[in-house]
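Pasted below: query.csv, CSV, C-alpha atoms and all ligand atoms.
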chain,number,residue,atom,x,y,z
A,511,MET,CA,-24.3,-8.5,-4.2
A,512,ASP,CA,-22.6,-9.9,-1.0
A,513,PHE,CA,-18.9,-9.5,-0.3
A,514,LYS,CA,-17.0,-11.2,2.5
A,515,ILE,CA,-14.3,-9.0,4.0
A,516,ALA,CA,-11.7,-10.2,6.6
A,517,LEU,CA,-11.1,-7.3,8.9
A,518,LEU,CA,-7.6,-7.3,10.5
A,519,ALA,CA,-7.5,-4.1,12.5
A,520,GLY,CA,-4.2,-4.9,14.2
A,521,ASP,CA,-2.4,-2.5,16.6
A,522,GLY,CA,-2.2,1.1,17.6
A,523,ILE,CA,-4.6,3.3,15.6
A,524,GLY,CA,-5.5,0.3,13.4
A,525,PRO,CA,-8.8,-0.4,15.1
A,526,GLU,CA,-10.0,3.2,15.0
A,527,VAL,CA,-9.2,3.8,11.3
A,528,THR,CA,-10.5,0.5,10.1
A,529,GLU,CA,-13.7,1.1,12.1
A,530,GLU,CA,-14.3,4.3,10.0
A,531,ALA,CA,-13.5,2.5,6.8
A,532,CYS,CA,-16.1,-0.2,7.7
A,533,LYS,CA,-18.7,2.5,8.3
A,534,VAL,CA,-17.9,4.1,4.9
A,535,LEU,CA,-18.2,0.7,3.2
A,536,LEU,CA,-21.6,0.2,4.9
A,537,ALA,CA,-22.8,3.6,3.7
A,538,THR,CA,-21.6,2.7,0.2
A,539,GLY,CA,-23.4,-0.6,0.4
A,540,GLU,CA,-26.6,1.1,1.3
A,541,ARG,CA,-26.3,3.6,-1.5
A,542,PHE,CA,-25.4,1.0,-4.2
A,543,GLY,CA,-27.3,-2.0,-2.9
A,544,HIS,CA,-24.4,-4.3,-1.8
A,545,ARG,CA,-23.8,-6.1,1.5
A,546,PHE,CA,-20.4,-6.1,3.0
A,547,LEU,CA,-20.0,-8.8,5.6
A,548,PHE,CA,-17.1,-8.3,8.0
A,549,THR,CA,-15.3,-10.9,10.1
A,550,SER,CA,-12.6,-9.8,12.4
A,551,GLY,CA,-9.2,-11.6,13.0
A,552,LEU,CA,-6.3,-11.0,15.2
A,553,VAL,CA,-2.9,-9.9,13.8
A,554,GLY,CA,0.3,-8.2,15.0
A,555,ALA,CA,1.1,-7.4,18.7
A,556,ALA,CA,-2.6,-7.9,19.6
A,557,ALA,CA,-2.4,-11.5,18.2
A,558,ILE,CA,0.9,-12.2,20.0
A,559,ASP,CA,-0.6,-11.1,23.3
A,560,SER,CA,-3.5,-13.5,23.1
A,561,THR,CA,-2.2,-16.4,21.0
A,562,GLY,CA,1.6,-16.1,20.9
A,563,SER,CA,1.7,-15.8,17.1
A,564,PRO,CA,1.6,-12.5,15.1
A,565,LEU,CA,-0.5,-14.3,12.4
A,566,PRO,CA,-2.5,-17.1,14.0
A,567,ASP,CA,-3.7,-20.0,11.7
A,568,GLU,CA,-7.3,-18.9,12.3
A,569,THR,CA,-6.6,-15.5,10.9
A,570,LEU,CA,-4.9,-16.9,7.9
A,571,GLU,CA,-7.9,-19.2,7.3
A,572,LEU,CA,-10.2,-16.2,7.6
A,573,CYS,CA,-8.2,-14.3,5.0
A,574,ARG,CA,-8.2,-17.3,2.6
A,575,LYS,CA,-12.0,-17.6,2.8
A,576,ALA,CA,-12.6,-13.9,2.3
A,577,ASP,CA,-13.1,-12.0,-0.9
A,578,ALA,CA,-10.6,-9.4,0.3
A,579,VAL,CA,-8.8,-8.3,3.4
A,580,LEU,CA,-9.0,-4.9,5.0
A,581,PHE,CA,-5.9,-4.3,7.2
A,582,GLY,CA,-5.2,-1.6,9.7
A,583,ALA,CA,-1.6,-1.5,11.0
A,584,ILE,CA,0.8,-3.6,13.1
A,585,GLY,CA,3.6,-2.7,15.4
A,586,HIS,CA,4.1,-2.0,19.1
A,587,PRO,CA,6.8,0.1,20.8
A,588,LYS,CA,7.6,-2.7,23.2
A,589,TYR,CA,9.0,-4.7,20.3
A,590,ASP,CA,10.8,-1.8,18.7
A,591,ASN,CA,12.8,-1.4,21.9
A,592,ASP,CA,13.6,-5.1,22.2
A,593,PRO,CA,15.8,-6.2,19.4
A,594,ALA,CA,16.1,-9.6,21.0
A,595,ALA,CA,12.3,-10.4,21.0
A,596,ARG,CA,11.9,-13.7,19.3
A,597,VAL,CA,8.4,-13.1,18.0
A,598,ARG,CA,7.7,-9.7,16.4
A,599,PRO,CA,4.5,-8.2,15.0
A,600,GLU,CA,6.2,-7.5,11.6
A,601,GLN,CA,6.7,-11.2,11.2
A,602,GLY,CA,2.9,-11.4,10.9
A,603,LEU,CA,3.0,-9.1,7.9
A,604,LEU,CA,5.8,-11.0,6.2
A,605,ALA,CA,4.0,-14.3,6.9
A,606,MET,CA,0.8,-12.9,5.4
A,607,ARG,CA,2.6,-11.8,2.3
A,608,ARG,CA,4.1,-15.2,1.8
A,609,GLU,CA,1.1,-17.3,2.7
A,610,LEU,CA,-1.4,-15.2,0.6
A,611,GLY,CA,1.1,-14.8,-2.2
A,612,LEU,CA,0.8,-11.0,-2.1
A,613,TYR,CA,3.3,-10.5,-4.9
A,614,ALA,CA,2.7,-6.8,-5.7
A,615,ASN,CA,2.2,-3.8,-3.5
A,616,VAL,CA,0.5,-0.9,-5.4
A,617,ARG,CA,0.7,2.6,-4.0
A,618,PRO,CA,-0.8,5.5,-5.8
A,619,VAL,CA,0.9,8.8,-5.1
A,620,LYS,CA,-1.4,11.6,-6.1
A,621,THR,CA,-1.6,15.1,-4.8
A,622,PHE,CA,-4.9,16.5,-3.5
A,623,PRO,CA,-4.9,20.1,-4.7
A,624,ALA,CA,-6.2,21.3,-1.3
A,625,LEU,CA,-3.2,19.7,0.4
A,626,ILE,CA,-0.4,20.7,-2.0
A,627,ASP,CA,1.1,23.1,0.5
A,628,MET,CA,1.5,20.3,3.0
A,629,SER,CA,4.1,18.7,0.8
A,630,PRO,CA,7.8,19.1,1.9
A,631,LEU,CA,8.5,19.9,-1.7
A,632,LYS,CA,8.0,23.3,-3.3
A,633,ARG,CA,4.5,23.7,-4.7
A,634,GLU,CA,5.5,23.9,-8.3
A,635,ILE,CA,7.5,20.7,-8.0
A,636,ALA,CA,4.9,18.7,-6.1
A,637,LEU,CA,2.0,19.8,-8.4
A,638,ASN,CA,0.6,17.3,-10.9
A,639,THR,CA,2.4,14.3,-9.2
A,640,ASP,CA,0.4,11.2,-10.2
A,641,ILE,CA,2.5,8.1,-9.8
A,642,ILE,CA,1.5,4.4,-9.4
A,643,MET,CA,4.3,2.7,-7.5
A,644,VAL,CA,4.4,-1.1,-7.9
A,645,ARG,CA,6.7,-2.9,-5.5
A,646,GLU,CA,7.5,-6.6,-5.8
A,647,LEU,CA,6.5,-8.0,-2.4
A,648,THR,CA,7.3,-11.6,-1.9
A,649,GLY,CA,10.8,-12.0,-3.3
A,650,GLY,CA,14.3,-10.4,-3.2
A,651,ILE,CA,16.4,-9.9,-0.1
A,652,TYR,CA,13.4,-10.0,2.2
A,653,PHE,CA,12.8,-13.7,1.5
A,654,GLY,CA,16.0,-15.0,-0.1
A,655,ARG,CA,17.9,-17.7,1.7
A,656,PRO,CA,20.4,-18.3,3.1
A,657,GLN,CA,20.2,-15.6,5.7
A,658,GLY,CA,22.0,-15.6,9.0
A,659,ARG,CA,25.3,-15.3,10.8
A,660,SER,CA,28.5,-17.1,10.7
A,661,GLU,CA,29.3,-19.4,13.6
A,662,ASP,CA,31.6,-16.9,15.3
A,663,GLY,CA,28.8,-14.3,15.0
A,664,ASN,CA,31.1,-11.8,13.2
A,665,THR,CA,29.7,-12.1,9.7
A,666,ALA,CA,26.1,-11.8,8.6
A,667,TYR,CA,24.5,-12.4,5.2
A,668,ASP,CA,21.2,-12.0,3.3
A,669,THR,CA,20.5,-13.3,-0.1
A,670,CYS,CA,18.8,-11.5,-2.9
A,671,VAL,CA,17.1,-14.0,-5.3
A,672,TYR,CA,14.6,-13.5,-8.2
A,673,SER,CA,13.2,-15.9,-10.7
A,674,ARG,CA,12.0,-14.8,-14.1
A,675,TYR,CA,8.5,-15.8,-13.1
A,676,GLU,CA,8.5,-13.5,-10.1
A,677,ILE,CA,9.6,-10.6,-12.2
A,678,GLU,CA,7.2,-11.3,-15.1
A,679,ARG,CA,4.0,-11.2,-13.1
A,680,VAL,CA,4.8,-7.9,-11.3
A,681,VAL,CA,6.0,-6.2,-14.5
A,682,ARG,CA,2.9,-7.4,-16.3
A,683,LEU,CA,0.8,-5.8,-13.5
A,684,ALA,CA,2.7,-2.5,-13.9
A,685,CYS,CA,2.2,-2.6,-17.7
A,686,ASP,CA,-1.6,-3.3,-17.2
A,687,TYR,CA,-1.8,-0.2,-15.0
A,688,ALA,CA,0.2,1.8,-17.6
A,689,MET,CA,-2.2,0.8,-20.4
A,690,GLN,CA,-5.0,2.6,-18.5
A,691,ARG,CA,-2.8,5.7,-18.1
A,692,SER,CA,-0.1,7.3,-20.1
A,693,LYS,CA,1.5,4.0,-21.1
A,694,LYS,CA,4.9,4.7,-19.6
A,695,VAL,CA,6.6,2.3,-17.2
A,696,THR,CA,9.9,3.0,-15.4
A,697,VAL,CA,11.8,0.0,-14.1
A,698,ILE,CA,14.0,0.8,-11.2
A,699,ASP,CA,17.1,-1.4,-10.5
A,700,LYS,CA,20.8,-1.5,-9.9
A,701,ALA,CA,21.7,-3.3,-13.1
A,702,ASN,CA,25.2,-1.9,-13.1
A,703,ILE,CA,26.0,-3.9,-9.9
A,704,LEU,CA,23.4,-6.7,-9.2
A,705,ALA,CA,22.8,-9.9,-11.2
A,706,THR,CA,19.2,-9.9,-10.0
A,707,SER,CA,18.7,-6.4,-11.5
A,708,ARG,CA,20.2,-7.6,-14.8
A,709,LEU,CA,17.6,-10.4,-14.9
A,710,TRP,CA,14.9,-7.7,-14.1
A,711,ARG,CA,16.0,-5.7,-17.1
A,712,GLU,CA,16.1,-8.6,-19.5
A,713,THR,CA,12.7,-9.9,-18.3
A,714,ALA,CA,11.0,-6.5,-18.2
A,715,ARG,CA,12.1,-5.9,-21.8
A,716,ASP,CA,10.6,-9.2,-22.9
A,717,ILE,CA,7.3,-8.3,-21.2
A,718,ALA,CA,7.3,-4.8,-22.7
A,719,ARG,CA,7.3,-6.6,-26.1
A,720,GLU,CA,3.9,-8.1,-25.2
A,721,TYR,CA,2.5,-4.5,-24.9
A,722,ARG,CA,3.2,-2.7,-28.1
A,723,ASP,CA,2.0,0.7,-26.9
A,724,ILE,CA,4.1,0.7,-23.7
A,725,THR,CA,7.2,2.9,-23.4
A,726,MET,CA,9.5,1.4,-20.9
A,727,ASP,CA,12.6,3.0,-19.5
A,728,PHE,CA,15.1,2.0,-16.9
A,729,MET,CA,16.7,3.9,-14.1
A,730,PHE,CA,19.2,3.1,-11.4
A,731,VAL,CA,17.8,3.2,-7.9
A,732,ASP,CA,20.2,5.9,-6.6
A,733,ASN,CA,19.3,8.2,-9.5
A,734,ALA,CA,15.6,7.4,-9.1
A,735,ALA,CA,15.7,8.4,-5.4
A,736,MET,CA,17.0,11.8,-6.6
A,737,GLN,CA,14.6,12.2,-9.6
A,738,LEU,CA,11.6,11.4,-7.4
A,739,ILE,CA,12.0,14.6,-5.4
A,740,ARG,CA,13.4,16.7,-8.1
A,741,TYR,CA,10.9,16.0,-10.8
A,742,PRO,CA,8.1,13.7,-9.4
A,743,SER,CA,5.6,14.6,-12.2
A,744,SER,CA,8.0,13.0,-14.7
A,745,PHE,CA,7.0,9.5,-13.4
A,746,ASP,CA,3.9,7.6,-14.3
A,747,VAL,CA,4.1,3.9,-13.4
A,748,ILE,CA,7.1,2.7,-11.5
A,749,VAL,CA,7.9,-1.0,-10.9
A,750,THR,CA,10.8,-2.3,-8.8
A,751,GLU,CA,12.0,-5.1,-6.6
A,752,ASN,CA,11.1,-5.5,-2.9
A,753,MET,CA,13.7,-3.6,-1.0
A,754,PHE,CA,14.1,-0.7,-3.5
A,755,GLY,CA,10.3,-0.5,-3.5
A,756,ASP,CA,10.2,-0.4,0.3
A,757,ILE,CA,12.5,2.6,0.4
A,758,LEU,CA,11.2,4.5,-2.7
A,759,SER,CA,7.6,4.1,-1.8
A,760,ASP,CA,8.2,5.8,1.6
A,761,GLU,CA,10.0,8.5,-0.1
A,762,ALA,CA,7.2,9.0,-2.7
A,763,SER,CA,4.5,8.9,0.0
A,764,VAL,CA,5.4,12.3,1.5
A,765,ILE,CA,5.4,14.1,-1.9
A,766,ALA,CA,1.6,14.2,-1.9
A,767,GLY,CA,1.5,16.0,1.5
A,768,SER,CA,0.2,13.6,4.1
A,769,MET,CA,1.0,10.0,4.7
A,770,GLY,CA,-2.3,9.8,6.5
A,771,MET,CA,-4.1,10.1,3.2
A,772,MET,CA,-2.3,7.3,1.4
A,773,PRO,CA,-3.8,3.9,0.5
A,774,SER,CA,-2.3,0.8,-0.8
A,775,ALA,CA,-3.2,-2.6,-2.2
A,776,SER,CA,-1.2,-5.8,-1.9
A,777,ILE,CA,-2.3,-8.0,-4.8
A,778,GLY,CA,-2.4,-11.7,-4.1
A,779,THR,CA,-2.6,-14.8,-6.2
A,780,SER,CA,-6.1,-15.3,-4.9
A,781,THR,CA,-7.0,-12.9,-2.0
A,782,SER,CA,-5.7,-9.3,-1.9
A,783,VAL,CA,-5.1,-7.1,1.1
A,784,PHE,CA,-5.9,-3.4,1.3
A,785,GLU,CA,-4.2,-1.2,3.9
A,786,PRO,CA,-3.2,2.4,4.6
A,787,ILE,CA,0.5,3.0,4.2
A,788,HIS,CA,0.9,4.6,7.6
A,789,GLY,CA,2.0,2.5,10.6
A,790,SER,CA,0.4,1.8,13.9
A,791,TYR,CA,1.2,5.3,15.3
A,792,PRO,CA,1.1,4.1,18.9
A,793,GLN,CA,1.3,7.7,20.4
A,794,ALA,CA,-2.1,8.4,18.9
A,795,ALA,CA,-3.8,5.1,19.7
A,796,GLY,CA,-7.2,5.5,21.5
A,797,LYS,CA,-7.1,9.3,21.2
A,798,ASN,CA,-9.6,9.6,18.4
A,799,ILE,CA,-7.2,11.8,16.4
A,800,ALA,CA,-5.8,9.6,13.7
A,801,ASN,CA,-6.6,10.3,10.0
A,802,PRO,CA,-9.0,7.6,8.8
A,803,ALA,CA,-8.7,8.7,5.1
A,804,GLY,CA,-5.8,6.4,4.2
A,805,THR,CA,-7.8,3.3,5.2
A,806,ILE,CA,-11.0,4.7,3.7
A,807,LEU,CA,-9.2,5.2,0.4
A,808,SER,CA,-7.8,1.7,0.7
A,809,ALA,CA,-11.3,0.4,1.0
A,810,ALA,CA,-12.0,2.3,-2.2
A,811,MET,CA,-9.1,0.4,-3.9
A,812,MET,CA,-10.7,-2.8,-2.6
A,813,LEU,CA,-14.0,-2.0,-4.3
A,814,ASP,CA,-12.2,-1.2,-7.5
A,815,LEU,CA,-9.6,-3.9,-7.7
A,816,ALA,CA,-11.0,-6.9,-5.7
A,817,PHE,CA,-14.8,-6.4,-6.4
A,818,ASN,CA,-14.7,-4.5,-9.7
A,819,LEU,CA,-17.1,-1.9,-8.3
A,820,LYS,CA,-15.6,1.1,-10.1
A,821,GLN,CA,-18.5,3.5,-9.5
A,822,GLU,CA,-18.7,2.7,-5.8
A,823,ALA,CA,-14.9,3.2,-5.5
A,824,GLU,CA,-15.2,6.5,-7.2
A,825,ALA,CA,-18.0,7.6,-4.8
A,826,ILE,CA,-15.7,7.0,-1.8
A,827,THR,CA,-12.7,8.8,-3.4
A,828,GLU,CA,-14.9,11.7,-4.3
A,829,ALA,CA,-16.3,11.9,-0.7
A,830,VAL,CA,-12.8,11.9,0.7
A,831,GLY,CA,-11.7,14.7,-1.7
A,832,ARG,CA,-14.8,16.7,-0.7
A,833,SER,CA,-14.0,16.3,3.0
A,834,VAL,CA,-10.6,17.7,2.4
A,835,GLU,CA,-12.0,20.6,0.4
A,836,ALA,CA,-14.5,21.3,3.2
A,837,GLY,CA,-11.6,21.3,5.7
A,838,PHE,CA,-13.3,18.5,7.6
A,839,VAL,CA,-10.0,16.8,8.4
A,840,THR,CA,-8.0,15.5,11.3
A,841,VAL,CA,-5.1,17.2,13.2
A,842,ASP,CA,-2.4,16.1,10.8
A,843,LEU,CA,-4.0,18.2,8.1
A,844,ASP,CA,-5.5,21.0,10.2
A,845,PRO,CA,-3.7,21.6,13.6
A,846,VAL,CA,-5.8,24.7,14.3
A,847,HIS,CA,-9.4,23.4,13.9
A,848,PRO,CA,-9.0,19.6,13.8
A,849,LYS,CA,-11.8,17.1,13.6
A,850,SER,CA,-11.7,13.8,15.4
A,851,THR,CA,-11.3,10.4,13.7
A,852,LEU,CA,-15.0,9.7,14.3
A,853,GLU,CA,-16.1,13.1,12.9
A,854,ALA,CA,-13.9,12.9,9.8
A,855,GLY,CA,-15.1,9.4,9.1
A,856,TYR,CA,-18.7,10.4,9.8
A,857,TRP,CA,-18.5,13.3,7.3
A,858,ILE,CA,-17.4,10.9,4.6
A,859,SER,CA,-20.0,8.3,5.3
A,860,ASP,CA,-22.7,10.9,5.5
A,861,TYR,CA,-21.6,12.5,2.2
A,862,ILE,CA,-21.9,9.1,0.5
A,863,ARG,CA,-25.4,8.6,2.0
A,864,ARG,CA,-26.6,12.1,1.2
A,865,SER,CA,-25.7,11.6,-2.4
A,866,ILE,CA,-28.5,9.0,-2.9
B,901,LIG,C1,6.2,-1.8,4.6
B,901,LIG,C2,6.9,-2.0,6.0
B,901,LIG,C3,7.3,-3.5,6.1
B,901,LIG,C4,8.3,-3.7,5.0
B,901,LIG,C5,7.9,-3.9,7.4
B,901,LIG,C6,7.0,-3.5,8.6
B,901,LIG,C7,8.1,-5.4,7.5
B,901,LIG,O1,8.0,-1.1,6.1
B,901,LIG,O2,5.1,-2.4,4.4
B,901,LIG,O3,6.7,-1.1,3.8
B,901,LIG,O4,9.5,-3.5,5.2
B,901,LIG,O5,7.9,-4.2,4.0
B,902,MN,MN,8.3,0.1,4.3
Step by step, read the file and then write its structure as structure tokens.
Ligand code: IPM
Ligand code: MN
Amino acid sequence: MDFKIALLAGDGIGPEVTEEACKVLLATGERFGHRFLFTSGLVGAAAIDSTGSPLPDETLELCRKADAVLFGAIGHPKYDNDPAARVRPEQGLLAMRRELGLYANVRPVKTFPALIDMSPLKREIALNTDIIMVRELTGGIYFGRPQGRSEDGNTAYDTCVYSRYEIERVVRLACDYAMQRSKKVTVIDKANILATSRLWRETARDIAREYRDITMDFMFVDNAAMQLIRYPSSFDVIVTENMFGDILSDEASVIAGSMGMMPSASIGTSTSVFEPIHGSYPQAAGKNIANPAGTILSAAMMLDLAFNLKQEAEAITEAVGRSVEAGFVTVDLDPVHPKSTLEAGYWISDYIRRSI
């Protein structure tokens, strides 16, 4: 079968890691008899430099026409150090979430046994962590209006808004995940304080009734932040609002050992976006040292979730696992005998090809 993929490499190490993911997809296509057709689009600082916009209309159009989007990273130090910059790369990301209706960000947090000692947590605590973190991505305080400053500039405000519909669809997605796993969903909120959180609880309870086998529990976000590092293996599927999810998913991402290994999917109302969770890591850009595994595993999520190619996705995940076991990894995982981005990517593509 043919699949159209919009390739948004973005900034920093984005081009290098997406390049390796494309090669892995091509190898997977060869093995299983699919054609993956890539079309590149500009996004982030790279897009601002050449078009003035972090998400040009052309790129958005490309995404809309594609079967899925593979995304690298965006961000550039020249904007981080300039709080007054009117146009910023991150606006491209928020615009893409809004325009493509990317209502849920899904981040699996799973330890690779060979990498367990890279975790900042004690081995016995990190062991057996296997969480699916579902973050609402197009609502809450990120998008709520009004947002701004008072006339005298001395007061600022953001608005956190949620509708029942926005909560329902993301909680349903979390329950669907849980049905394929241990059937446990933890809803994280701040219902002791926030009206939006109380609507989350009420709505989540209603959705749980649709899934008779699901056990749903509720946790306040401050407690959840603590439990995540104290007892991560007690969680299965987590679902939470946009900003809590932003914070907790970064916290969860380090439990498994290396951020460079972590994939994610942003589920859209029609097209979905797949991207590693790491940023543009400008210090490593162009040096052929970045870990391509997070993007390669994101490509595996794309095959699974967007194209329903389960076996193909599994082949990629297995190849990445084998490369880690073989120690054929980049400097973030092996500072003594590191492989380059190209070498690590090649090993994975080659493993997939050799398994024919
Ligand atoms: C993320 C990032 C973004 C967010 C930024 C870059 C806008 O931190 O994807 O988690 O806050 O959502
Ligand atoms: Mn974040």
Considering all atoms listed in the file, give me a table of residues in chain A that are at most 9 Å from ligand MN 902 (chain B), with the closest atom pair and distance in Å for each, as CSV.
residue,atom,partner,partner_atom,distance
A:Met753,CA,B:MN902,MN,8.4
A:Gly755,CA,B:MN902,MN,8.1
A:Asp756,CA,B:MN902,MN,4.5
A:Ile757,CA,B:MN902,MN,6.3
A:Leu758,CA,B:MN902,MN,8.8
A:Ser759,CA,B:MN902,MN,7.3
A:Asp760,CA,B:MN902,MN,6.3
A:Ile787,CA,B:MN902,MN,8.3
Within-7 Å residues of ligand LIG 901 (chain B), basis only C-alpha atoms and all ligand atoms, as a ChimeraX atom specification | /A:600,603-604,756
Polymer residues at most 7 Å from region 687-704 of chain A, all atoms listed in the file, same-chain spacing of 4 or more positions, as a PyMOL selection string = chain A and resi 683+708+723-731+746-750
Quick one: distance from CA of Gly539 (chain A) to CA of Phe838 (chain A) in Å, one decimal?
-> 22.8 Å
What does the distance from CA of Ala605 (chain A) to CA of Met771 (chain A) come to in Å, to one decimal?
->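 CA of Met771 (chain A) lies 26.0 Å from CA of Ala605 (chain A).
Proximity to Met772 (chain A) was assessed for A:Ala666, A:Met643, A:Leu738, A:Ala714 counting only C-alpha atoms; the smallest distance is recorded for A:Met643.
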With all atoms listed in the file counted and 8 Å as the cut-off, give the residues of region 765-809 of chain A in contact with region 566-584 of chain A, each with its shortest interatomic distance in Å and the pair that gives it, as a Markdown table.
| residue | atom | partner | partner_atom | distance |
| --- | --- | --- | --- | --- |
| A:Thr781 | CA | A:Ala578 | CA | 5.5 |
| A:Ser782 | CA | A:Ala578 | CA | 5.4 |
| A:Val783 | CA | A:Val579 | CA | 4.5 |
| A:Phe784 | CA | A:Leu580 | CA | 5.1 |
| A:Glu785 | CA | A:Phe581 | CA | 4.8 |
| A:Pro786 | CA | A:Gly582 | CA | 6.8 |
| A:His788 | CA | A:Ala583 | CA | 7.4 |
| A:Gly789 | CA | A:Ala583 | CA | 5.4 |
| A:Ser790 | CA | A:Ala583 | CA | 4.8 |
| A:Thr805 | CA | A:Gly582 | CA | 7.1 |
| A:Ser808 | CA | A:Leu580 | CA | 8.0 |
| A:Ala809 | CA | A:Leu580 | CA | 7.0 |
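In this comparison, which uses all atoms listed in the file, the residue of A:Leu552, A:Ala766, A:Cys685, A:Val527 approaching Asp640 (chain A) most closely is A:Ala766.
For the choices A:Tyr791, A:Ser833, A:Ala775, A:Gly602, the atom-to-atom distance to Asp814 (chain A) is smallest for A:Ala775 when using all atoms listed in the file.
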Select all residues near (2.2, 10.0, -3.6) (cut-off 6 Å, inclusive, file coordinates), counting only C-alpha atoms, and output them as a PyMOL selection string.
-> chain A and resi 618-620+762-763+765-766
